[in-house]
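Asks: What follows is a structure written as structure tokens; I'll ask about it next.
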Amino acid sequence: MTDEHPRNLIPELCRQFYHLGWCTGTGGGIAIRAENIVYMAPSGVQKERIRPEDVFELDLDGRVLKAPENKALKLTECSPLFFNAFRQRGAGAVLHSHSLDALMATVHFGSMFRVSHVEMIKGLRDYGYYDTVEVPIIENTARECELTESMSLAIDANPQADAVLVRRHGIYVWGRDWQHAKTQAECFDYLFRFADRMVQHGHDPVVGPQG
Ligand SMILES: [Zn+2]
């Protein structure tokens, strides 16, 4: 099994995201598709301690092909949400984070996060420096799986966005493969942090330097 096999990548990426504050308190998660198999981090565990054998394998219909031998490990309620991005966008990887900066974006904005004139915008698919990035925001629900339909509708209504924010909860981000998903997740998080600072200092994050 190579270093880049999803069973090795998922524990490694979860450790990185844990230290970024994206999946502390057992929250957050990641799923990677390789051909017709989706690999998914288990639910409700210390995300920085996941081992390769703890990863679930599912088919493209969301059925579990291979569960971990440790029966205490459960499939995450995020699973149908990850599959929204796999099915509707042909994503190669999907990441769910509880980043504080993503949460603050949902506090500052109504139904759509917007930011413009930031170099890091160029790290997002089909976006340039002068463009206004738009990420839809959906309302949170008591259970994560109840977000499935509103997330699906937001994905269809916003073909420009490779992410959906969930109010006071976090973000789902995807990409064509794990590298693209990770890059976009990092760029979005940076943009949320920038927008939060702009608002704190009384600036409009959508208005460029010339006003
Ligand atoms: Zn969550």
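Letters for chains follow the order of the structure tokens (A, B, ...), residue numbers begin at 1 for each chain, and ligand numbers begin at 1 in the order shown.
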Do a neighbour search on stretch 135-149 of chain A at 12 Å with only C-alpha atoms, toss out local chain neighbours closer than 5 positions, and write the hits as an MDAnalysis selection string.

Replies: chainID A and resid 27:28 43 75:85 96 102:115 124 154:173 188:189 191:192

Asks: Would you mind listing what lies within 8 Å of stretch 50-61 of chain A as a ChimeraX atom specification, with only C-alpha atoms counted and same-chain residues fewer than 3 positions away left out?

Replies: /A:7-8,10-11,14,36-42,45-47,64-70,73,75,83

Asks: Going by DSSP on the backbone, which residues of stretch 29-208 of chain A come out as helix (DSSP H, G or I)? List them as a PyMOL selection string.

Replies: chain A and resi 47-49+52-54+79-89+100-108+119-123+144-157+178-200

Asks: Considering only C-alpha atoms, return as a list in words whatever protein or nucleic-acid residues lie within 10 Å of A:Lys182, sequence-local ones (same chain, fewer than 4 positions apart) excluded.

Replies: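 The residues that qualify are Leu13, Phe17, Ala93, Val94, Leu95, Val173, Trp174, Gly175, Asp177, Trp178, Glu186, Cys187 and Phe188 of chain A.
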
Asks: Any chance you could export the current selection's C-alpha atoms as a short mmCIF file (atom, residue, chain, number, x, y, z; two decimals), in the first residue's frame?

Replies:
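part_25.cif, freshly written:
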```
data_model
loop_
_atom_site.label_atom_id
_atom_site.label_comp_id
_atom_site.auth_asym_id
_atom_site.auth_seq_id
_atom_site.Cartn_x
_atom_site.Cartn_y
_atom_site.Cartn_z
CA LEU A 13 -4.87 14.36 6.36
CA PHE A 17 -6.68 19.03 9.78
CA ALA A 93 -12.45 13.90 -2.53
CA VAL A 94 -14.68 15.74 -0.06
CA LEU A 95 -13.70 17.32 3.21
CA VAL A 173 -15.42 21.37 0.32
CA TRP A 174 -14.51 19.12 -2.58
CA GLY A 175 -12.18 18.87 -5.55
CA ASP A 177 -8.88 14.71 -6.36
CA TRP A 178 -7.59 14.88 -2.79
CA GLU A 186 -7.05 25.82 2.52
CA CYS A 187 -7.85 28.71 0.16
CA PHE A 188 -11.47 28.95 1.37
#
```

Asks: Counting only C-alpha atoms, figure out which residue out of A:Val199, A:Thr183, A:Cys23, A:Gly208 gets nearest to A:Ser99.

Replies: A:Cys23

Asks: Quick check for you: according to DSSP on this backbone, which residues of stretch 100-165 of chain A are classed as strand (DSSP E)? Reply as a list in words.

Replies: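 DSSP-assigned strand (DSSP E) residues in stretch 100-165 of chain A: Met112, Phe113, Arg114, Val115, Ser116, Thr132, Val133, Glu134, Val135, Pro136, Ile137, Ile138, Ala163, Val164 and Leu165 of chain A.
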
Asks: Please, what distance in Å, to one decimal, runs between atom CA of A:His19 and atom CA of A:Tyr127?

Replies: 28.0 Å

Asks: Go through A:Met1, A:Met198, A:Val133, A:Ala185 and flag the residue nearest A:Glu119, using only C-alpha atoms for the distances.

Replies: A:Val133

Asks: I need the residue nearest ligand 1 from this list: A:Arg125, A:Lys71, A:His98, A:Arg87. Use only C-alpha atoms and all ligand atoms for the distance.

Replies: A:His98

Asks: Please determine, counting only C-alpha atoms and all ligand atoms, which residue among A:Arg197, A:Arg63, A:Thr24, A:Glu12 has the shortest atom-to-atom distance to ligand 1.

Replies: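 The shortest atom-to-atom distance to ligand 1 comes from A:Thr24.
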
Asks: Can you work out which one of A:Ile30, A:Val206, A:Ala91, A:Leu9 has the shortest atom-to-atom distance to ligand 1, counting only C-alpha atoms and all ligand atoms?

Replies: A:Ile30

Asks: How far is it from atom CA of A:Ala34 to atom 1 (Zn, counted along the ligand's line) of ligand 1, in Å with one decimal?

Replies: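 Separation of atom CA of A:Ala34 and atom 1 (Zn, counted along the ligand's line) of ligand 1: 23.3 Å.
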
Asks: Taking only C-alpha atoms and all ligand atoms into account, name the residue in A:Gln200, A:Ser150, A:Ser97, A:Gln88 that is nearest to ligand 1.

Replies: A:Ser97

Asks: Do you have the atom CA of A:Asp131-atom CA of A:Asp196 distance handy?

Replies: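 Going from atom CA of A:Asp131 over to atom CA of A:Asp196, I get 18.5 Å.
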